[in-house]
$ cat query_26.cif   # mmCIF, C-alpha atoms and all ligand atoms
data_query
loop_
_atom_site.label_atom_id
_atom_site.label_comp_id
_atom_site.auth_asym_id
_atom_site.auth_seq_id
_atom_site.Cartn_x
_atom_site.Cartn_y
_atom_site.Cartn_z
CA MET Q 38 -11.21 81.34 59.42
CA ILE Q 39 -11.06 83.44 62.58
CA LYS Q 40 -8.49 86.25 62.35
CA GLN Q 41 -6.54 84.44 59.57
CA GLU Q 42 -6.45 81.16 61.46
CA THR Q 43 -8.50 78.00 61.13
CA ILE Q 44 -10.46 76.56 64.02
CA GLN Q 45 -7.92 73.70 64.04
CA GLN Q 46 -5.08 76.18 64.55
CA TRP Q 47 -6.97 77.89 67.36
CA ILE Q 48 -7.50 74.52 69.02
CA GLU Q 49 -3.78 73.77 68.77
CA LYS Q 50 -3.08 77.06 70.56
CA HIS Q 51 -5.82 76.55 73.15
CA PRO Q 52 -6.60 72.82 73.50
CA LEU Q 53 -9.51 73.54 75.87
CA LEU Q 54 -11.38 74.94 72.83
CA LYS Q 55 -12.03 71.40 71.66
CA LYS Q 56 -14.15 70.66 74.71
CA ILE Q 57 -15.77 74.10 74.54
CA ILE Q 58 -16.82 73.45 70.93
CA GLU Q 59 -18.24 70.09 72.04
CA LYS Q 60 -20.27 72.00 74.68
CA GLU Q 61 -18.68 70.19 77.61
CA GLU Q 62 -18.59 71.84 81.01
CA VAL Q 63 -15.05 73.21 81.39
CA LEU Q 64 -12.92 75.31 83.74
CA TRP Q 65 -10.40 77.76 82.29
CA MET Q 66 -7.78 79.42 84.47
CA ASN Q 67 -6.68 82.88 83.35
CA PRO Q 68 -2.89 82.87 82.73
CA LEU Q 69 -2.73 86.68 82.66
CA ILE Q 70 -3.84 87.24 86.27
CA GLU Q 71 -1.49 89.45 88.29
CA GLU Q 72 -1.09 90.42 91.91
CA THR Q 73 -4.04 92.68 92.62
CA GLU Q 74 -2.03 95.75 93.59
CA LYS Q 75 -0.18 95.63 90.28
CA GLY Q 76 -3.21 94.45 88.31
CA VAL Q 77 -5.40 97.43 89.20
CA THR Q 78 -2.81 100.11 88.42
CA ASP Q 79 -2.87 100.21 84.63
CA LEU Q 80 -6.62 99.94 84.19
CA SER Q 81 -8.92 102.50 82.58
CA VAL Q 82 -11.06 102.39 85.75
CA HIS Q 83 -10.08 103.68 89.19
CA GLN Q 84 -10.96 103.18 92.82
CA LYS Q 85 -12.10 106.79 93.20
CA ASP Q 86 -14.84 106.16 90.60
CA VAL Q 87 -16.25 103.40 92.79
CA GLN Q 88 -16.06 105.61 95.87
CA GLU Q 89 -17.91 108.34 93.98
CA ALA Q 90 -20.61 105.86 92.98
CA ALA Q 91 -21.03 104.73 96.59
CA GLU Q 92 -21.38 108.36 97.72
CA ARG Q 93 -23.90 109.12 94.98
CA LEU Q 94 -26.04 106.14 96.01
CA GLN Q 95 -25.86 107.43 99.58
CA ARG Q 96 -27.08 110.88 98.47
CA PHE Q 97 -30.03 109.27 96.69
CA ALA Q 98 -30.90 106.95 99.61
CA PRO Q 99 -33.52 109.29 101.17
CA TYR Q 100 -35.26 109.55 97.78
CA ILE Q 101 -35.14 105.77 97.19
CA ALA Q 102 -36.57 105.12 100.68
CA GLU Q 103 -39.35 107.62 99.93
CA VAL Q 104 -40.47 106.25 96.54
CA PHE Q 105 -39.73 102.53 97.04
CA PRO Q 106 -41.19 101.70 100.47
CA GLU Q 107 -39.62 98.21 100.39
CA THR Q 108 -36.26 99.96 100.92
CA LYS Q 109 -37.36 101.84 104.08
CA ALA Q 110 -35.86 99.20 106.37
CA SER Q 111 -32.44 99.62 104.72
CA GLN Q 112 -32.79 103.45 104.66
CA GLY Q 113 -32.92 103.53 100.88
CA ILE Q 114 -29.78 101.46 100.32
CA ILE Q 115 -30.39 98.77 97.70
CA GLU Q 116 -28.59 95.72 99.08
CA SER Q 117 -29.14 91.97 99.36
CA PRO Q 118 -28.51 89.45 102.15
CA VAL Q 119 -25.74 86.87 102.39
CA THR Q 120 -27.23 83.50 103.34
CA THR Q 121 -25.65 80.20 104.41
CA ILE Q 122 -27.01 77.22 102.51
CA PRO Q 123 -25.79 74.17 104.47
CA THR Q 124 -28.45 71.77 103.18
CA MET Q 125 -27.67 72.72 99.59
CA LYS Q 126 -24.01 72.14 100.36
CA GLU Q 127 -24.82 68.59 101.44
CA ALA Q 128 -26.88 68.05 98.30
CA LEU Q 129 -24.00 69.29 96.11
CA GLN Q 130 -21.53 67.01 97.89
CA SER Q 131 -23.61 63.90 97.41
CA TYR Q 132 -24.69 64.74 93.83
CA TYR Q 133 -21.12 65.41 92.66
CA GLN Q 134 -19.44 62.97 95.04
CA VAL Q 135 -17.09 65.73 96.11
CA ASP Q 136 -15.86 66.86 99.50
CA LEU Q 137 -16.62 70.56 100.13
CA PRO Q 138 -14.92 71.36 103.45
CA GLY Q 139 -15.29 75.17 103.34
CA THR Q 140 -18.32 77.38 103.92
CA LEU Q 141 -20.92 77.79 101.17
CA LEU Q 142 -22.69 81.15 101.00
CA LEU Q 143 -25.32 82.57 98.68
CA LYS Q 144 -25.32 86.28 97.80
CA GLU Q 145 -29.01 86.83 97.22
CA ASP Q 146 -29.23 89.48 94.52
CA ASN Q 147 -32.43 87.67 93.55
CA ALA Q 148 -33.82 89.50 96.59
CA LEU Q 149 -32.51 92.97 95.70
CA PRO Q 150 -35.32 95.49 96.13
CA ILE Q 151 -36.96 97.32 93.19
CA SER Q 152 -36.06 94.93 90.37
CA GLY Q 153 -35.06 91.56 91.88
CA SER Q 154 -31.78 91.05 90.04
CA ILE Q 155 -28.14 92.13 89.97
CA LYS Q 156 -29.22 94.83 87.47
CA ALA Q 157 -30.68 96.78 90.39
CA ARG Q 158 -27.04 97.68 91.13
CA GLY Q 159 -25.63 99.06 87.88
CA GLY Q 160 -28.86 99.87 86.05
CA ILE Q 161 -30.43 101.95 88.78
CA TYR Q 162 -27.12 103.67 89.51
CA GLU Q 163 -26.70 104.83 85.90
CA VAL Q 164 -30.22 106.29 85.79
CA LEU Q 165 -29.72 108.10 89.12
CA LYS Q 166 -26.40 109.55 87.97
CA HIS Q 167 -27.96 110.83 84.76
CA ALA Q 168 -30.86 112.37 86.70
CA GLU Q 169 -28.49 114.04 89.14
CA THR Q 170 -26.37 115.51 86.34
CA LEU Q 171 -29.41 116.97 84.58
CA ALA Q 172 -30.88 118.36 87.81
CA ILE Q 173 -27.60 119.98 88.91
CA ASP Q 174 -26.98 121.50 85.45
CA GLU Q 175 -30.50 122.95 85.54
CA GLY Q 176 -29.89 124.40 89.01
CA LEU Q 177 -32.72 122.36 90.55
CA ILE Q 178 -30.57 120.85 93.28
CA THR Q 179 -27.09 120.83 94.82
CA LYS Q 180 -25.20 117.87 96.23
CA LYS Q 181 -25.79 119.27 99.74
CA ASP Q 182 -29.61 119.17 99.47
CA ASN Q 183 -31.83 116.35 100.65
CA TYR Q 184 -32.45 114.23 97.54
CA LYS Q 185 -35.96 113.43 98.74
CA ARG Q 186 -36.75 116.44 96.57
CA PHE Q 187 -36.37 114.24 93.47
CA ALA Q 188 -39.84 112.92 94.36
CA GLU Q 189 -41.38 116.40 93.90
CA GLU Q 190 -43.66 116.93 90.94
CA SER Q 191 -41.48 119.73 89.52
CA PHE Q 192 -38.67 117.20 89.08
CA GLN Q 193 -40.93 114.76 87.28
CA THR Q 194 -42.11 117.54 84.97
CA PHE Q 195 -38.50 118.45 84.27
CA PHE Q 196 -37.42 114.87 83.53
CA SER Q 197 -40.41 114.32 81.22
CA ASN Q 198 -38.47 116.44 78.69
CA TYR Q 199 -35.76 113.79 78.60
CA LYS Q 200 -35.58 110.23 77.36
CA ILE Q 201 -33.71 107.13 78.40
CA ALA Q 202 -33.28 104.07 76.17
CA VAL Q 203 -31.73 100.65 76.62
CA GLY Q 204 -31.41 97.40 74.70
CA SER Q 205 -32.00 94.38 76.90
CA THR Q 206 -32.89 90.71 77.12
CA GLY Q 207 -34.93 91.48 80.21
CA ASN Q 208 -33.49 92.27 83.61
CA LEU Q 209 -31.55 95.38 82.59
CA GLY Q 210 -34.70 96.62 80.88
CA LEU Q 211 -36.64 96.08 84.12
CA SER Q 212 -34.15 98.04 86.22
CA ILE Q 213 -33.73 100.92 83.79
CA GLY Q 214 -37.44 101.00 82.97
CA ILE Q 215 -38.71 100.98 86.56
CA MET Q 216 -36.20 103.57 87.82
CA SER Q 217 -36.51 105.91 84.83
CA ALA Q 218 -40.32 105.83 84.85
CA LYS Q 219 -40.35 106.56 88.60
CA LEU Q 220 -38.22 109.68 88.10
CA GLY Q 221 -40.46 110.86 85.27
CA PHE Q 222 -38.30 110.13 82.21
CA LYS Q 223 -39.74 108.95 78.91
CA VAL Q 224 -38.16 105.51 78.71
CA THR Q 225 -37.90 102.98 75.89
CA VAL Q 226 -36.66 99.41 76.27
CA HIS Q 227 -35.56 97.66 73.07
CA MET Q 228 -36.08 93.95 73.61
CA SER Q 229 -34.87 90.88 71.78
CA ALA Q 230 -37.08 88.00 70.67
CA ASP Q 231 -36.07 85.80 73.61
CA ALA Q 232 -37.29 88.29 76.23
CA LYS Q 233 -40.12 86.89 78.36
CA GLN Q 234 -43.67 88.10 77.84
CA TRP Q 235 -44.20 88.85 81.55
CA LYS Q 236 -41.24 91.24 81.53
CA LYS Q 237 -42.70 93.16 78.59
CA ASP Q 238 -46.11 93.25 80.27
CA MET Q 239 -44.70 94.46 83.58
CA LEU Q 240 -42.75 97.26 81.92
CA ARG Q 241 -45.72 98.43 79.84
CA GLU Q 242 -47.82 98.53 83.01
CA LYS Q 243 -45.29 100.93 84.52
CA GLY Q 244 -45.50 103.26 81.55
CA VAL Q 245 -42.38 102.06 79.74
CA THR Q 246 -42.36 101.87 75.92
CA VAL Q 247 -41.26 98.38 74.85
CA VAL Q 248 -40.03 97.84 71.28
CA GLU Q 249 -39.67 94.21 70.22
CA TYR Q 250 -37.21 92.79 67.71
CA ALA Q 251 -37.34 89.45 65.93
CA ASP Q 252 -33.56 89.19 66.22
CA ASP Q 253 -31.24 88.45 69.11
CA TYR Q 254 -29.90 90.68 71.84
CA SER Q 255 -27.13 92.47 69.93
CA LYS Q 256 -29.59 93.52 67.23
CA ALA Q 257 -31.90 95.06 69.82
CA VAL Q 258 -28.94 96.89 71.37
CA ASP Q 259 -27.67 98.18 67.99
CA GLU Q 260 -31.07 99.43 66.95
CA GLY Q 261 -31.70 101.08 70.33
CA ARG Q 262 -28.31 102.77 70.19
CA ARG Q 263 -28.91 104.02 66.64
CA GLN Q 264 -32.28 105.55 67.50
CA ALA Q 265 -30.96 107.15 70.70
CA GLU Q 266 -27.92 108.68 68.99
CA ALA Q 267 -30.18 110.58 66.63
CA ASP Q 268 -31.86 112.33 69.59
CA PRO Q 269 -29.82 114.70 71.81
CA ALA Q 270 -32.45 114.54 74.59
CA CYS Q 271 -32.01 110.76 74.81
CA HIS Q 272 -29.52 108.97 77.06
CA PHE Q 273 -28.66 105.45 75.88
CA VAL Q 274 -27.62 102.94 78.52
CA ASP Q 275 -24.91 100.96 76.77
CA ASP Q 276 -24.75 97.50 78.31
CA GLU Q 277 -21.50 96.71 76.47
CA ASN Q 278 -19.46 99.82 77.22
CA SER Q 279 -20.97 101.76 80.09
CA LEU Q 280 -18.59 102.81 82.84
CA ASP Q 281 -21.47 104.00 85.00
CA LEU Q 282 -23.07 100.56 84.99
CA PHE Q 283 -19.69 99.07 85.87
CA PHE Q 284 -19.13 101.41 88.84
CA GLY Q 285 -22.66 100.87 90.09
CA TYR Q 286 -21.96 97.13 90.23
CA ALA Q 287 -18.54 97.65 91.79
CA VAL Q 288 -20.04 99.28 94.89
CA ALA Q 289 -20.98 95.73 95.92
CA GLY Q 290 -17.34 94.98 96.83
CA LYS Q 291 -16.98 97.13 99.93
CA ARG Q 292 -20.52 96.37 101.02
CA LEU Q 293 -19.83 92.63 100.88
CA ALA Q 294 -16.69 93.16 102.95
CA ILE Q 295 -18.83 94.81 105.65
CA GLN Q 296 -21.45 92.06 105.49
CA LEU Q 297 -18.86 89.30 105.83
CA LYS Q 298 -17.22 91.09 108.74
CA GLU Q 299 -20.60 91.44 110.46
CA ARG Q 300 -21.27 87.74 110.16
CA GLY Q 301 -17.76 86.87 111.37
CA THR Q 302 -16.45 85.49 108.07
CA VAL Q 303 -12.72 86.13 107.89
CA VAL Q 304 -11.04 86.74 104.53
CA ASP Q 305 -7.24 86.79 104.56
CA GLU Q 306 -4.19 84.83 103.39
CA GLU Q 307 -5.29 81.69 105.30
CA HIS Q 308 -9.00 82.19 104.61
CA PRO Q 309 -9.50 82.62 100.86
CA LEU Q 310 -12.77 83.82 99.38
CA PHE Q 311 -13.96 82.22 96.13
CA VAL Q 312 -16.72 84.05 94.28
CA TYR Q 313 -18.71 82.66 91.36
CA LEU Q 314 -20.53 85.14 89.12
CA PRO Q 315 -22.90 84.35 86.22
CA CYS Q 316 -21.69 86.26 83.15
CA GLY Q 317 -23.57 87.54 80.12
CA VAL Q 318 -22.05 90.55 78.37
CA GLY Q 319 -19.82 90.99 81.43
CA GLY Q 320 -20.71 94.35 83.00
CA GLY Q 321 -22.43 92.96 86.08
CA PRO Q 322 -19.93 90.27 87.05
CA GLY Q 323 -17.03 92.45 85.85
CA GLY Q 324 -18.04 95.43 87.96
CA VAL Q 325 -18.66 93.26 91.02
CA ALA Q 326 -15.34 91.42 90.55
CA TYR Q 327 -13.50 94.74 90.25
CA GLY Q 328 -15.12 95.96 93.47
CA LEU Q 329 -14.23 92.67 95.18
CA LYS Q 330 -10.57 92.91 94.12
CA LEU Q 331 -10.43 96.45 95.53
CA ALA Q 332 -11.96 95.23 98.79
CA PHE Q 333 -10.15 91.91 99.28
CA GLY Q 334 -7.09 92.07 97.01
CA ASP Q 335 -5.28 88.77 96.47
CA HIS Q 336 -7.47 86.97 99.00
CA VAL Q 337 -10.48 86.88 96.68
CA HIS Q 338 -10.61 84.63 93.63
CA CYS Q 339 -13.31 85.61 91.13
CA PHE Q 340 -14.72 83.22 88.53
CA PHE Q 341 -17.25 83.92 85.78
CA ALA Q 342 -19.87 81.27 84.95
CA GLU Q 343 -21.34 80.97 81.44
CA PRO Q 344 -23.69 78.58 79.63
CA THR Q 345 -21.99 75.87 77.54
CA HIS Q 346 -23.78 77.31 74.47
CA SER Q 347 -22.71 80.94 75.17
CA PRO Q 348 -19.19 81.10 76.63
CA CYS Q 349 -18.45 84.49 75.05
CA MET Q 350 -16.25 85.89 77.84
CA LEU Q 351 -14.27 82.66 78.16
CA ILE Q 352 -13.57 82.52 74.41
CA GLY Q 353 -12.90 86.26 74.21
CA MET Q 354 -10.41 86.25 77.09
CA MET Q 355 -8.73 82.96 76.21
CA THR Q 356 -8.10 83.91 72.57
CA GLY Q 357 -7.41 87.54 73.47
CA LEU Q 358 -9.85 88.50 70.71
CA HIS Q 359 -12.42 89.87 73.21
CA ASP Q 360 -15.29 91.54 71.32
CA GLU Q 361 -13.78 90.64 67.95
CA VAL Q 362 -14.95 87.06 68.30
CA SER Q 363 -18.37 85.49 68.74
CA VAL Q 364 -19.38 82.06 70.01
CA HIS Q 365 -20.90 81.51 66.54
CA ASP Q 366 -17.37 81.67 65.06
CA PHE Q 367 -16.63 78.43 66.89
CA GLY Q 368 -19.86 76.79 65.81
CA LEU Q 369 -21.81 77.38 69.03
CA ASP Q 370 -25.47 78.43 68.71
CA ASN Q 371 -25.80 80.83 71.68
CA GLU Q 372 -29.04 79.13 72.68
CA THR Q 373 -29.76 78.85 76.39
CA ALA Q 374 -32.75 79.16 78.70
CA ALA Q 375 -30.59 81.28 81.01
CA ASP Q 376 -32.03 84.79 80.59
CA GLY Q 377 -29.33 87.41 80.43
CA LEU Q 378 -26.59 84.90 79.64
CA ALA Q 379 -27.49 84.28 75.98
CA VAL Q 380 -24.78 86.64 74.73
CA GLY Q 381 -22.63 85.75 71.73
CA THR Q 382 -20.00 88.47 72.05
CA ALA Q 383 -18.69 89.75 75.38
CA SER Q 384 -17.93 93.35 76.27
CA GLY Q 385 -14.39 94.14 75.10
CA PHE Q 386 -14.01 96.78 77.77
CA VAL Q 387 -14.87 94.31 80.55
CA GLY Q 388 -12.77 91.47 79.11
CA LYS Q 389 -9.68 93.68 78.91
CA THR Q 390 -10.28 95.13 82.36
CA MET Q 391 -10.58 91.60 83.79
CA GLU Q 392 -7.34 90.32 82.21
CA PRO Q 393 -5.13 91.01 85.25
CA LEU Q 394 -7.85 90.37 87.86
CA LEU Q 395 -9.99 87.35 87.00
CA ALA Q 396 -9.05 83.90 88.28
CA GLY Q 397 -10.94 82.08 85.54
CA CYS Q 398 -14.16 81.17 83.75
CA TYR Q 399 -16.17 77.97 83.62
CA THR Q 400 -19.19 76.72 81.74
CA ILE Q 401 -22.41 75.04 82.85
CA SER Q 402 -25.11 73.31 80.83
CA ASP Q 403 -28.78 74.34 80.95
CA HIS Q 404 -29.48 70.83 82.17
CA THR Q 405 -27.26 71.38 85.22
CA MET Q 406 -28.75 74.83 85.92
CA PHE Q 407 -32.29 73.44 85.99
CA SER Q 408 -31.43 70.45 88.14
CA LEU Q 409 -29.65 72.73 90.65
CA LEU Q 410 -32.60 75.12 90.55
CA LYS Q 411 -34.81 72.29 91.76
CA LYS Q 412 -32.26 71.20 94.39
CA LEU Q 413 -32.04 74.71 95.84
CA VAL Q 414 -35.82 74.85 96.21
CA ASP Q 415 -35.92 71.37 97.79
CA THR Q 416 -33.08 72.06 100.21
CA GLU Q 417 -33.35 75.76 101.08
CA LYS Q 418 -36.71 76.85 99.64
CA ILE Q 419 -34.98 79.56 97.61
CA TYR Q 420 -36.35 80.21 94.12
CA LEU Q 421 -33.90 81.59 91.58
CA GLU Q 422 -34.13 82.10 87.83
CA PRO Q 423 -32.04 79.57 85.84
CA SER Q 424 -29.15 81.95 85.05
CA ALA Q 425 -28.72 82.66 88.75
CA LEU Q 426 -27.76 79.00 89.29
CA ALA Q 427 -24.73 79.26 87.02
CA GLY Q 428 -22.53 80.11 90.01
CA MET Q 429 -23.56 77.00 91.90
CA THR Q 430 -21.13 74.57 90.25
CA GLY Q 431 -18.21 76.92 90.94
CA PRO Q 432 -17.13 75.24 94.21
CA VAL Q 433 -17.34 71.84 92.53
CA GLN Q 434 -15.21 73.04 89.61
CA THR Q 435 -12.48 74.64 91.70
CA ILE Q 436 -12.30 71.69 94.10
CA GLN Q 437 -12.34 69.02 91.38
CA HIS Q 438 -9.59 70.88 89.53
CA ASN Q 439 -7.50 71.23 92.70
CA ILE Q 440 -7.36 75.01 92.53
CA GLN Q 441 -5.15 76.22 95.33
CA GLY Q 442 -7.08 76.96 98.52
CA ALA Q 443 -10.44 75.75 97.21
CA HIS Q 444 -10.36 72.54 99.20
CA SER Q 445 -9.38 74.24 102.47
CA SER Q 446 -11.84 74.09 105.36
CA ASN Q 447 -10.97 77.78 105.87
CA ALA Q 448 -12.24 78.68 102.41
CA THR Q 449 -15.49 80.54 101.80
CA HIS Q 450 -17.26 79.81 98.52
CA LEU Q 451 -19.75 82.52 97.66
CA VAL Q 452 -22.24 81.86 94.88
CA TRP Q 453 -23.66 85.08 93.44
CA ALA Q 454 -27.38 84.46 92.86
CA THR Q 455 -28.16 87.08 90.24
CA GLY Q 456 -31.93 87.07 89.91
CA GLY Q 457 -35.31 85.55 90.60
CA ASN Q 458 -37.68 87.62 92.70
CA MET Q 459 -39.44 89.39 89.83
CA VAL Q 460 -40.24 86.09 88.09
CA PRO Q 461 -43.96 85.21 88.38
CA ARG Q 462 -44.80 82.13 90.43
CA GLU Q 463 -46.11 80.14 87.42
CA GLU Q 464 -42.80 80.66 85.63
CA LEU Q 465 -40.85 79.50 88.68
CA ASP Q 466 -43.06 76.42 88.93
CA ALA Q 467 -42.37 75.65 85.27
CA TYR Q 468 -38.61 75.99 85.91
CA TYR Q 469 -38.93 73.60 88.87
CA LYS Q 470 -40.78 71.07 86.70
CA GLU Q 471 -38.06 71.33 84.09
CA GLY Q 472 -35.51 70.59 86.82
CA GLU Q 473 -37.55 67.57 87.88
CA ARG Q 474 -37.64 66.30 84.33
C1 LIG Q 501 -27.65 90.37 83.44
C2 LIG Q 501 -27.61 89.17 84.24
C3 LIG Q 501 -26.43 88.48 84.44
C4 LIG Q 501 -25.10 88.86 83.82
O1 LIG Q 501 -24.78 90.21 83.79
P1 LIG Q 501 -23.98 90.80 82.53
O2 LIG Q 501 -23.72 92.20 82.90
O3 LIG Q 501 -24.88 90.68 81.33
O4 LIG Q 501 -22.77 89.96 82.35
C5 LIG Q 501 -26.48 87.34 85.22
N1 LIG Q 501 -27.63 86.90 85.76
C6 LIG Q 501 -28.78 87.55 85.60
C7 LIG Q 501 -30.02 87.02 86.24
C8 LIG Q 501 -28.82 88.70 84.83
O5 LIG Q 501 -29.98 89.33 84.65
#
$ encode --input "query_26.cif" --output "C-alpha cells"
Amino acid sequence: MIKQETIQQWIEKHPLLKKIIEKEEVLWMNPLIEETEKGVTDLSVHQKDVQEAAERLQRFAPYIAEVFPETKASQGIIESPVTTIPTMKEALQSYYQVDLPGTLLLKEDNALPISGSIKARGGIYEVLKHAETLAIDEGLITKKDNYKRFAEESFQTFFSNYKIAVGSTGNLGLSIGIMSAKLGFKVTVHMSADAKQWKKDMLREKGVTVVEYADDYSKAVDEGRRQAEADPACHFVDDENSLDLFFGYAVAGKRLAIQLKERGTVVDEEHPLFVYLPCGVGGGPGGVAYGLKLAFGDHVHCFFAEPTHSPCMLIGMMTGLHDEVSVHDFGLDNETAADGLAVGTASGFVGKTMEPLLAGCYTISDHTMFSLLKKLVDTEKIYLEPSALAGMTGPVQTIQHNIQGAHSSNATHLVWATGGNMVPREELDAYYKEGER
C-alpha cells in the first residue's frame, strides 16, 4: 500500500506506471505545466534571488581567478562551453532510425573548472555565500572591497574556526570539499557506499575529512545532517532542501541566453529550445530549469532524465506524492551505474517548484547510457561520465513522441552534459569498454 492505495490502483490512475515498474524507457509529459509568466508567480523562489546569486559570483570572481588559475581566462567566472555535435547527431539518427532536423548542442558542464561537473555551479556558490556572510558579520570585508582578499592568510585562519559538512554520492562532495578546503574551512564529506574510491582519495588529498557509510545516499545525508545540527559552528549543505544550491544552479539560465546569442542561435516562438537535464535529487536540474524559464519563458521546454531503476522525480511528480514516495515503493531497486542519479526519493521542494514549469521527465537504461558514452567518444572525442549521457536520448524521445516543435528544423535540442572531467582516465576507459560490450 502506498498512501492507502494498492500499486494496482496507482497504475489505474497513472497507466504509465506499469511500464515504469517494468523498467522500460518512458516519456512522461507534465499535465500541470502552465504559461511561464503565470507559473513563476506563486513559487517560493524569486527572480531577484537568482540575480543576487549572479552578483555574488561576480564579486567573488577576482578571488576565484586568483586561487584557481584555470579560471584566469574567464576572469574567475565558472562557466562551460556550448558545443555543436553534428557527428553525434548523425550517429543518433542512424542508431534510432529517427529524423532529427533541428540543431543538436551539448552544454559541457563536464568541462566546468574546479570540479568538472554541474555541482561546480550550486555547490561552490553555497560555500562562497556562507564564507561571505561570515566574513561580513565579522567585519573582515564589505561588498565594495576586492574579494581577492579572501585569499589572504588572515581569512583562512578565520575560516578554520568554522566547519562545513555535506552528504554526497560524489560530485557534490568534490565541489563542496575543494571550495571549502581552499577557503580554509574544516570540511567533512559524508559518503555513501556507492561513491567511487578515486573521489574519496582526491578529497582526502585536499585535506577533506571523508566519512564512509555502508548504506545508500540518503543514509549518508541523514547522518551528516544529524552530526552538523549538533554543532553551531558547522554549516550543513542540504542537497535536498537548499535554496542556495538552487540559486547557484539557476544562474546558468541567463548565461546560456548570452552564449546562444553569441553563437547566433535564436530562441523564440518559431525557434523552440529543448533542454534535457540528468536528474538525481533534483537541485541541479531544477535550479538550471528555473533559470532557463526565467531567461527564455515559454520558448524553452525543459525535460529531466532519470535512470530506469531510479525515476524518483518522475514518480514523485506524476503521483503528486513528491518526497513522500520512493522508487522502492514501486518495486524498483534504485541500482544504477550513473553516479549522482541513484536517488530513491526526490527533493520535495524541487518537485513542487517544477510543477508549473517542467515539460516532462523520461527514463533511460544504464545500457543506453553506456552505449551512447562510447558513441560520443567515437564521434566527437568527448568523454563524459555515464550519468551525463542521460540527456542524450531526449531529442529522440521528444521527436518519437511527436512533442510539439521537437521535429522542427528550427528547433534547438540542448543536451546538458553534467560531468566527466574529474574522472580518471582508467575509469573512463573502463566506461568505454562497458559501452563496447
Ligand atoms: C548531481 C549530478 C546530477 C544531478 O543533480 P541533482 O541535483 O542530484 O539532481 C546529474 N549528473 C551528474 C554528473 C551529477 O553529479
$ residues_around --input "query_26.cif" --residues "Leu143 in chain Q" --least-positions-apart "5" --cutoff "12 Å" --atoms "all atoms listed in the file" --output "JSON, numbers by chain"
{"Q": [117, 118, 119, 120, 121, 122, 123, 125, 126, 148, 293, 297, 311, 312, 313, 314, 413, 417, 419, 421, 425, 426, 428, 429, 431, 432, 449, 450, 451, 452, 453, 454, 455, 456]}
$ residues_around --input "query_26.cif" --residues "Lys50 in chain Q" --least-positions-apart "5" --cutoff "10 Å" --atoms "all atoms listed in the file" --output "list in words"
Ile44, Gln45, Met355 and Thr356 of chain Q
$ closest_atom_pairs --input "query_26.cif" --of "chain Q" --to "ligand LIG 501 (chain Q)" --cutoff "10 Å" --atoms "only C-alpha atoms and all ligand atoms" --output "Markdown table"
| residue | atom | partner | partner_atom | distance |
| --- | --- | --- | --- | --- |
| Q:Asp146 | CA | Q:LIG501 | C7 | 8.7 |
| Q:Asn147 | CA | Q:LIG501 | C7 | 7.7 |
| Q:Gly153 | CA | Q:LIG501 | C7 | 8.8 |
| Q:Ser154 | CA | Q:LIG501 | C7 | 5.8 |
| Q:Ile155 | CA | Q:LIG501 | C8 | 6.2 |
| Q:Lys156 | CA | Q:LIG501 | C1 | 6.2 |
| Q:Ala157 | CA | Q:LIG501 | O5 | 9.4 |
| Q:Gly159 | CA | Q:LIG501 | O2 | 8.7 |
| Q:Gly160 | CA | Q:LIG501 | O2 | 9.8 |
| Q:Ser205 | CA | Q:LIG501 | C1 | 8.8 |
| Q:Thr206 | CA | Q:LIG501 | O5 | 8.2 |
| Q:Gly207 | CA | Q:LIG501 | O5 | 7.0 |
| Q:Asn208 | CA | Q:LIG501 | O5 | 4.7 |
| Q:Leu209 | CA | Q:LIG501 | C1 | 6.4 |
| Q:Gly210 | CA | Q:LIG501 | O5 | 9.5 |
| Q:Leu211 | CA | Q:LIG501 | O5 | 9.5 |
| Q:Ser212 | CA | Q:LIG501 | O5 | 9.8 |
| Q:Asp276 | CA | Q:LIG501 | O2 | 7.1 |
| Q:Glu277 | CA | Q:LIG501 | O2 | 8.2 |
| Q:Leu282 | CA | Q:LIG501 | O2 | 8.6 |
| Q:Phe283 | CA | Q:LIG501 | O2 | 8.5 |
| Q:Tyr286 | CA | Q:LIG501 | O2 | 9.0 |
| Q:Leu314 | CA | Q:LIG501 | C5 | 7.4 |
| Q:Pro315 | CA | Q:LIG501 | C5 | 4.8 |
| Q:Cys316 | CA | Q:LIG501 | O4 | 3.9 |
| Q:Gly317 | CA | Q:LIG501 | O4 | 3.4 |
| Q:Val318 | CA | Q:LIG501 | O4 | 4.1 |
| Q:Gly319 | CA | Q:LIG501 | O4 | 3.3 |
| Q:Gly320 | CA | Q:LIG501 | O2 | 3.7 |
| Q:Gly321 | CA | Q:LIG501 | O2 | 3.5 |
| Q:Pro322 | CA | Q:LIG501 | O4 | 5.5 |
| Q:Gly323 | CA | Q:LIG501 | O4 | 7.2 |
| Q:Gly324 | CA | Q:LIG501 | O2 | 8.3 |
| Q:Val325 | CA | Q:LIG501 | O2 | 9.6 |
| Q:Phe341 | CA | Q:LIG501 | O4 | 8.9 |
| Q:Ala342 | CA | Q:LIG501 | C5 | 9.0 |
| Q:Glu343 | CA | Q:LIG501 | C5 | 9.0 |
| Q:Met350 | CA | Q:LIG501 | O4 | 8.9 |
| Q:Ala375 | CA | Q:LIG501 | C7 | 7.8 |
| Q:Asp376 | CA | Q:LIG501 | C7 | 6.4 |
| Q:Gly377 | CA | Q:LIG501 | C2 | 4.5 |
| Q:Leu378 | CA | Q:LIG501 | C4 | 5.9 |
| Q:Ala379 | CA | Q:LIG501 | O3 | 8.7 |
| Q:Val380 | CA | Q:LIG501 | O3 | 7.7 |
| Q:Ala383 | CA | Q:LIG501 | O4 | 8.1 |
| Q:Ser384 | CA | Q:LIG501 | O4 | 8.5 |
| Q:Val387 | CA | Q:LIG501 | O4 | 9.2 |
| Q:Leu421 | CA | Q:LIG501 | C7 | 8.5 |
| Q:Glu422 | CA | Q:LIG501 | C7 | 6.6 |
| Q:Pro423 | CA | Q:LIG501 | C7 | 7.7 |
| Q:Ser424 | CA | Q:LIG501 | N1 | 5.2 |
| Q:Ala425 | CA | Q:LIG501 | C7 | 5.2 |
| Q:Leu426 | CA | Q:LIG501 | N1 | 8.7 |
| Q:Ala427 | CA | Q:LIG501 | N1 | 8.3 |
| Q:Gly428 | CA | Q:LIG501 | N1 | 9.5 |
| Q:Trp453 | CA | Q:LIG501 | N1 | 8.8 |
| Q:Ala454 | CA | Q:LIG501 | N1 | 7.5 |
| Q:Thr455 | CA | Q:LIG501 | C7 | 4.4 |
| Q:Gly456 | CA | Q:LIG501 | C7 | 4.1 |
| Q:Gly457 | CA | Q:LIG501 | C7 | 7.0 |
